[in-house]
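S.K.: Let me begin by handing over the structure; questions about it come next.
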Amino acid sequence: MIASQASETIMLFVDRLFLSWLGKAYIAASMSGGLSAFVFSSFFAGIVGYTNALVSQYYGAGRTRRCVETTSQGLYLSIAFTPVLFALIPVIRYFFSAVGHSPSQIDLEYRYFRILMSGAFLVLFRQTLVGFFLGIGQTRIVMVANLAGMIINVPLNYILIFGFAGVPAMGIEGAAIGTILGSATILLILGTAYIRHRFFRDTPFREALRFRLDLIRRLVRFGLPAGVELFLNVFAFNIFVQLMHSMGPDVAAAVTITFNYDMVAFIPMIGLSVAVTSLVGRQMGAENPAGARQATYLALKVGYSYAAVMMVIFIVGAPTLVRVFAGGLHAEDEGLLSLSTAMLRLAAVYTLADITQLVFAGALRGAGDTRYIMTLSVTLHWAMAIGAVLMIRVFELPPLQIWGFFILFVITLGVAIVLRFMGGRWESIRVIEELPPDAVEPEISIESRWM
C-alpha cells in the first residue's frame, strides 16, 4: 500500500512539476483546483471507502461471502453519489472568489477543477474496489493498478500539457484530462481483477449483486462519520491553503512547492494508514484486540523509519529540492524560493506527528471508533482554519508565522489521537453483526480464503 500511494504521489508531483514550467500561476492553480476537487468528492469517498474496514472484519470472521456483498453495496452507493458530484461543479467559483483570488487565478484553477470533478465518480468506484482488496489482504493488485495508472498518466500529462506529434498543447486542462485517464486505467484493472476473483466467482451471481439494505445501513452508519470527517478536514485544510494563496502569487507558489514535497512524506503513509485499518479490522473481526495493537505498533515502527529519512532530506536538501520547480520562474522570483526553503525545513518538524496520527487514526477506524475520531479531528481542523482566518485577515501576520501555527496544529492532533488509542475504548466496539449460534452461513472454504 505504501508503494501504491507512492505512485499516486509521483503522479501528483510530476503533474505540478510540468505545470510549473508554464509559470508560477499554473503551479498554484494546480494545487488550488486539485485540492478543491478532492474536497468536494471526499465526503462520498470517505463513506464508500469504509468498505475496507467492513470487508476486513467479515474476512477476519471467516464470512467471505459478505465481503463480496459489502463491495456491491459500496458500488451502488458510488452510483447514487455520482449525480451529486456533477451538481457541485458550479459552486466552486463562488468559493474561489470568497477567499480573495484574482479573476485570472480563478479562471485557471476552475478550468482544472471542472475537468477533475467530471471524473470524480471514478474515484468512488476505485475506493470501493480498493476497499475489497485491502480488506482481504491482497494489496499487490492495488499496487499493480496504481503503477499502471502512473505509467499512463505521466507521459499523457506531458503530451496533453505541452502538445506532441499532432496533439495540441492543452495546458492545465490537459493535465486534468491526463489525470482522469490514469484514474480510469486503475479502475479498469481493479474491476477486471474483482470479477475474476475467487470470492466473486464462487458467490452466486444474484447473491453477489443483490441490494442489501442492512449492509447499506452498516456502511453508512460507520462510513458516514469517516466521510464527514474527511470532507470537513480537507475543507478546513483547503481554506488554509486558499487563504495562503490569497496572500499573493509568490506565497501561493511557495506554499504549493512546499506541500508538493510534503505530500512525498504524507501520501505514502496514507497507504500505511489504510493497511492498518485493514489489519486491525481483521483482528477485531477475529475478536483479537491484542493482535490489533501489535499490528498498530508494527506499522508505527515502519512509519517512523520513513519519517526519519524524510526529515533528513527536508532539512539538508531543501534548497536543492525547491530549485527543481524553478524552471518557469524568473530572477525576481528568488524570494519565493527562499520562503519555500524555510517552510520545507520547518515541515520536517511535524513529519513524525503526521505519521503518528495517520497510523493511530487508521487503527481506530479499523476498530469502528469513527465517531470520536470525526469529532476530534474536525474540531482541531476547524480551529486551525479559524485561526488562519484571524492571522491572515485580521492580524496580517507573515507567512512563516502562519506556517508555524499550522505545525502546532498537526502536533496537537497527533497527541490527541494517541491518547484516544491508549484509552482502549475501541476494543469493545462491534462493527459486524453476530451470527446466532444455530445459524449456518454458506461460505467459501477456509483454505481458499487465505489463498
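Within each chain, counting starts at residue 1; across the C-alpha cells, chains are named A, B, ... in the order shown, with ligands numbered 1 upward in that order.
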Just want the 12 Å neighbourhood of Phe44 of chain A, counted on only C-alpha atoms, with same-chain residues fewer than 2 positions away dropped. Output as a ChimeraX atom specification.
M.R.: /A:38-42,46-50,74-75,77-85,120-125,127-128,219-220,223-232
S.K.: Output N, CA and C atoms for every residue in that selection, as a compact mmCIF listing (two decimals), in the first residue's frame.
M.R.:
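Written out: selection.txt:
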```
# COMPACT_ATOMS: atom_id res chain seq x y z
N PHE A 38 -10.75 17.40 -4.62
CA PHE A 38 -10.69 16.37 -3.59
C PHE A 38 -11.65 16.67 -2.46
N VAL A 39 -11.77 17.96 -2.09
CA VAL A 39 -12.70 18.35 -1.02
C VAL A 39 -14.12 17.94 -1.39
N PHE A 40 -14.55 18.25 -2.60
CA PHE A 40 -15.93 18.03 -2.98
C PHE A 40 -16.28 16.56 -3.15
N SER A 41 -15.28 15.71 -3.38
CA SER A 41 -15.55 14.28 -3.51
C SER A 41 -15.23 13.50 -2.25
N SER A 42 -14.56 14.15 -1.29
CA SER A 42 -14.05 13.43 -0.12
C SER A 42 -15.16 12.87 0.77
N GLY A 46 -15.17 9.00 1.50
CA GLY A 46 -15.00 8.51 2.86
C GLY A 46 -16.02 7.45 3.23
N ILE A 47 -17.25 7.62 2.74
CA ILE A 47 -18.31 6.64 3.04
C ILE A 47 -18.03 5.32 2.34
N VAL A 48 -17.83 5.35 1.02
CA VAL A 48 -17.61 4.09 0.30
C VAL A 48 -16.26 3.48 0.66
N GLY A 49 -15.31 4.32 1.09
CA GLY A 49 -14.01 3.81 1.48
C GLY A 49 -14.06 2.96 2.73
N TYR A 50 -15.16 3.08 3.51
CA TYR A 50 -15.26 2.24 4.71
C TYR A 50 -15.52 0.77 4.34
N GLY A 74 -21.14 -0.94 -1.76
CA GLY A 74 -20.28 0.22 -1.96
C GLY A 74 -20.37 0.76 -3.38
N LEU A 75 -20.46 -0.16 -4.35
CA LEU A 75 -20.59 0.26 -5.75
C LEU A 75 -21.95 0.93 -6.00
N LEU A 77 -23.69 2.60 -3.79
CA LEU A 77 -23.60 3.94 -3.20
C LEU A 77 -22.82 4.88 -4.11
N SER A 78 -21.78 4.38 -4.75
CA SER A 78 -20.98 5.19 -5.68
C SER A 78 -21.83 5.69 -6.84
N ILE A 79 -22.68 4.80 -7.36
CA ILE A 79 -23.59 5.19 -8.45
C ILE A 79 -24.55 6.27 -7.97
N ALA A 80 -25.09 6.11 -6.77
CA ALA A 80 -26.05 7.08 -6.24
C ALA A 80 -25.41 8.44 -6.00
N PHE A 81 -24.13 8.45 -5.63
CA PHE A 81 -23.45 9.72 -5.33
C PHE A 81 -23.01 10.49 -6.57
N THR A 82 -22.90 9.82 -7.71
CA THR A 82 -22.35 10.44 -8.92
C THR A 82 -23.11 11.68 -9.38
N PRO A 83 -24.46 11.67 -9.47
CA PRO A 83 -25.15 12.89 -9.90
C PRO A 83 -24.91 14.07 -8.96
N VAL A 84 -24.73 13.79 -7.68
CA VAL A 84 -24.48 14.87 -6.72
C VAL A 84 -23.13 15.53 -7.01
N LEU A 85 -22.14 14.72 -7.35
CA LEU A 85 -20.82 15.25 -7.68
C LEU A 85 -20.90 16.22 -8.86
N ALA A 120 -14.64 12.54 -11.10
CA ALA A 120 -14.54 12.19 -9.69
C ALA A 120 -15.27 10.89 -9.36
N PHE A 121 -16.30 10.55 -10.16
CA PHE A 121 -17.03 9.31 -9.89
C PHE A 121 -16.11 8.09 -10.02
N LEU A 122 -15.07 8.21 -10.86
CA LEU A 122 -14.12 7.11 -10.99
C LEU A 122 -13.42 6.83 -9.67
N VAL A 123 -13.18 7.90 -8.92
CA VAL A 123 -12.51 7.76 -7.63
C VAL A 123 -13.37 6.96 -6.66
N LEU A 124 -14.69 7.17 -6.68
CA LEU A 124 -15.58 6.44 -5.78
C LEU A 124 -15.57 4.95 -6.08
N PHE A 125 -15.66 4.60 -7.36
CA PHE A 125 -15.61 3.18 -7.73
C PHE A 125 -14.26 2.57 -7.36
N GLN A 127 -12.28 3.56 -4.90
CA GLN A 127 -12.23 3.43 -3.45
C GLN A 127 -12.92 2.16 -2.97
N THR A 128 -14.05 1.86 -3.58
CA THR A 128 -14.81 0.68 -3.18
C THR A 128 -14.03 -0.60 -3.49
N LEU A 219 -22.69 0.31 6.22
CA LEU A 219 -21.68 1.15 5.56
C LEU A 219 -21.89 2.62 5.90
N VAL A 220 -23.14 3.06 5.83
CA VAL A 220 -23.43 4.46 6.10
C VAL A 220 -23.23 4.78 7.58
N GLY A 223 -19.42 4.48 7.99
CA GLY A 223 -18.70 5.24 6.97
C GLY A 223 -19.04 6.72 6.96
N LEU A 224 -20.27 7.06 7.41
CA LEU A 224 -20.68 8.47 7.40
C LEU A 224 -19.77 9.34 8.27
N PRO A 225 -19.47 8.92 9.51
CA PRO A 225 -18.51 9.74 10.28
C PRO A 225 -17.17 9.88 9.58
N ALA A 226 -16.70 8.80 8.93
CA ALA A 226 -15.43 8.87 8.21
C ALA A 226 -15.54 9.85 7.04
N GLY A 227 -16.69 9.81 6.33
CA GLY A 227 -16.90 10.72 5.20
C GLY A 227 -17.02 12.17 5.65
N VAL A 228 -17.78 12.40 6.72
CA VAL A 228 -17.93 13.76 7.26
C VAL A 228 -16.58 14.27 7.73
N GLU A 229 -15.84 13.40 8.43
CA GLU A 229 -14.51 13.81 8.92
C GLU A 229 -13.60 14.20 7.77
N LEU A 230 -13.53 13.33 6.75
CA LEU A 230 -12.65 13.61 5.62
C LEU A 230 -13.05 14.90 4.92
N PHE A 231 -14.35 15.07 4.69
CA PHE A 231 -14.82 16.27 3.99
C PHE A 231 -14.51 17.54 4.78
N LEU A 232 -14.89 17.55 6.06
CA LEU A 232 -14.70 18.75 6.86
C LEU A 232 -13.23 19.04 7.11
```
S.K.: If you measure from atom CA of Leu160 of chain A to atom CA of Arg323 of chain A, what distance in Å do you get, rounded to one decimal?
M.R.: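 Going from atom CA of Leu160 of chain A over to atom CA of Arg323 of chain A covers 24.4 Å.
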S.K.: Provide the atom CA of Trp21 of chain A to atom CA of Leu156 of chain A distance in Å, to one decimal place.
M.R.: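 So the two atoms, atom CA of Trp21 of chain A and atom CA of Leu156 of chain A, lie 16.1 Å apart.
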S.K.: Quick one: residues within 9 Å of Gly281 of chain A, only C-alpha atoms counted, chain neighbours fewer than 5 positions away excluded, as a VMD selection string?
M.R.: chain A and resid 52 to 60 135 276 286 292 363 365 to 368
S.K.: How would the residues just chosen look if you wrote them out with C-alpha atoms as a PDB file, in the first residue's frame?
M.R.:
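The result, written out as out_24.pdb:
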```pdb
ATOM      1  CA  ASN A  52     -12.132  -1.604   3.612  1.00  0.00           C
ATOM      2  CA  ALA A  53     -12.864  -1.855   7.352  1.00  0.00           C
ATOM      3  CA  LEU A  54     -16.169  -3.699   6.907  1.00  0.00           C
ATOM      4  CA  VAL A  55     -14.746  -6.245   4.449  1.00  0.00           C
ATOM      5  CA  SER A  56     -11.720  -6.809   6.670  1.00  0.00           C
ATOM      6  CA  GLN A  57     -13.899  -7.578   9.695  1.00  0.00           C
ATOM      7  CA  TYR A  58     -16.038 -10.037   7.738  1.00  0.00           C
ATOM      8  CA  TYR A  59     -12.865 -11.584   6.360  1.00  0.00           C
ATOM      9  CA  GLY A  60     -11.369 -11.911   9.827  1.00  0.00           C
ATOM     10  CA  GLY A 135      -9.940  -5.891   3.374  1.00  0.00           C
ATOM     11  CA  VAL A 276      -3.529  -0.602   9.472  1.00  0.00           C
ATOM     12  CA  ALA A 286     -11.483 -12.445  14.795  1.00  0.00           C
ATOM     13  CA  ALA A 292      -4.815  -5.294  16.621  1.00  0.00           C
ATOM     14  CA  ALA A 363      -6.246   1.672  13.712  1.00  0.00           C
ATOM     15  CA  ARG A 365     -11.201   3.364  12.146  1.00  0.00           C
ATOM     16  CA  GLY A 366     -10.493  -0.340  11.643  1.00  0.00           C
ATOM     17  CA  ALA A 367     -11.967  -0.998  15.073  1.00  0.00           C
ATOM     18  CA  GLY A 368     -15.043   1.125  14.307  1.00  0.00           C
TER      19      GLY A 368
END
```
S.K.: Nearest to Leu209 of chain A among A:Leu129, A:Val359, A:Leu12, A:Val68, with distances taken over only C-alpha atoms: which residue is it?
M.R.: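 Counting only C-alpha atoms, the residue closest to Leu209 of chain A is A:Val68.
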S.K.: Using only C-alpha atoms, tabulate the residues of segment 236-263 of chain A lying at most 12 Å from any atom of segment 308-312 of chain A, each with its closest atom pair and that distance in Å to one decimal, by chain and increasing residue number, as a Markdown table.
M.R.:
```
| residue | atom | partner | partner_atom | distance |
| --- | --- | --- | --- | --- |
| A:Tyr261 | CA | A:Met310 | CA | 9.7 |
| A:Asp262 | CA | A:Met310 | CA | 9.1 |
| A:Met263 | CA | A:Met310 | CA | 10.8 |
```
S.K.: Considering only C-alpha atoms, return as a list in words whatever protein or nucleic-acid residues lie within 9 Å of Leu19 of chain A, sequence-local ones (same chain, fewer than 5 positions apart) excluded.
M.R.: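 My reading of the contact set: Val14, Lys24, Ala25, Tyr26, Ile27, Ser30, Ile161, Gly171, Ile172, Ala175 and Gly328 of chain A.
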S.K.: For Pro319 of chain A, list every protein, DNA or RNA residue within 10 Å, evaluated using only C-alpha atoms, and leave out those in the same chain fewer than 5 positions away; present the list as a count of residues only.
M.R.: 9
S.K.: Go ahead and compute the interatomic distance for atom CA of Ile417 of chain A and atom CA of Leu376 of chain A, in Å to one decimal.
M.R.: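 Calculated distance between atom CA of Ile417 of chain A and atom CA of Leu376 of chain A is 8.0 Å.
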S.K.: Find the spatial neighbours of Leu400 of chain A, counting only C-alpha atoms, within a cut-off of 10 Å - ignore same-chain residues fewer than 3 positions away - and output them as a PyMOL selection string.
M.R.: chain A and resi 339-340+342-343+346+397+403-406
S.K.: Would you kindly return, as a CSV table (one decimal) with C-alpha atoms, in the first residue's frame, each protein, DNA or RNA residue with an atom no farther than 9 Å from any atom of Ile89 of chain A, considering only C-alpha atoms and excluding same-chain residues fewer than 6 positions away?
M.R.:
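To be explicit, this is the file written out as part32.csv:
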```csv
chain,number,residue,atom,x,y,z
A,37,ALA,CA,-11.8,18.7,-6.4
A,40,PHE,CA,-15.9,18.0,-3.0
A,113,PHE,CA,-11.2,21.8,-11.1
A,114,ARG,CA,-14.1,21.4,-13.5
A,117,MET,CA,-14.7,16.8,-10.9
A,118,SER,CA,-16.2,15.4,-14.1
```
S.K.: Between A:Leu279, A:Ile189, A:Met269, A:Leu408, which is the closest to Ser305 of chain A once you count only C-alpha atoms?
M.R.: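 Among A:Leu279, A:Ile189, A:Met269, A:Leu408, it is A:Met269 that comes nearest to Ser305 of chain A.
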S.K.: From the set A:Ala98, A:Leu35, A:Ala45, A:Ala307, which residue has the shortest atom-to-atom contact distance to Tyr112 of chain A, counting only C-alpha atoms?
M.R.: A:Leu35
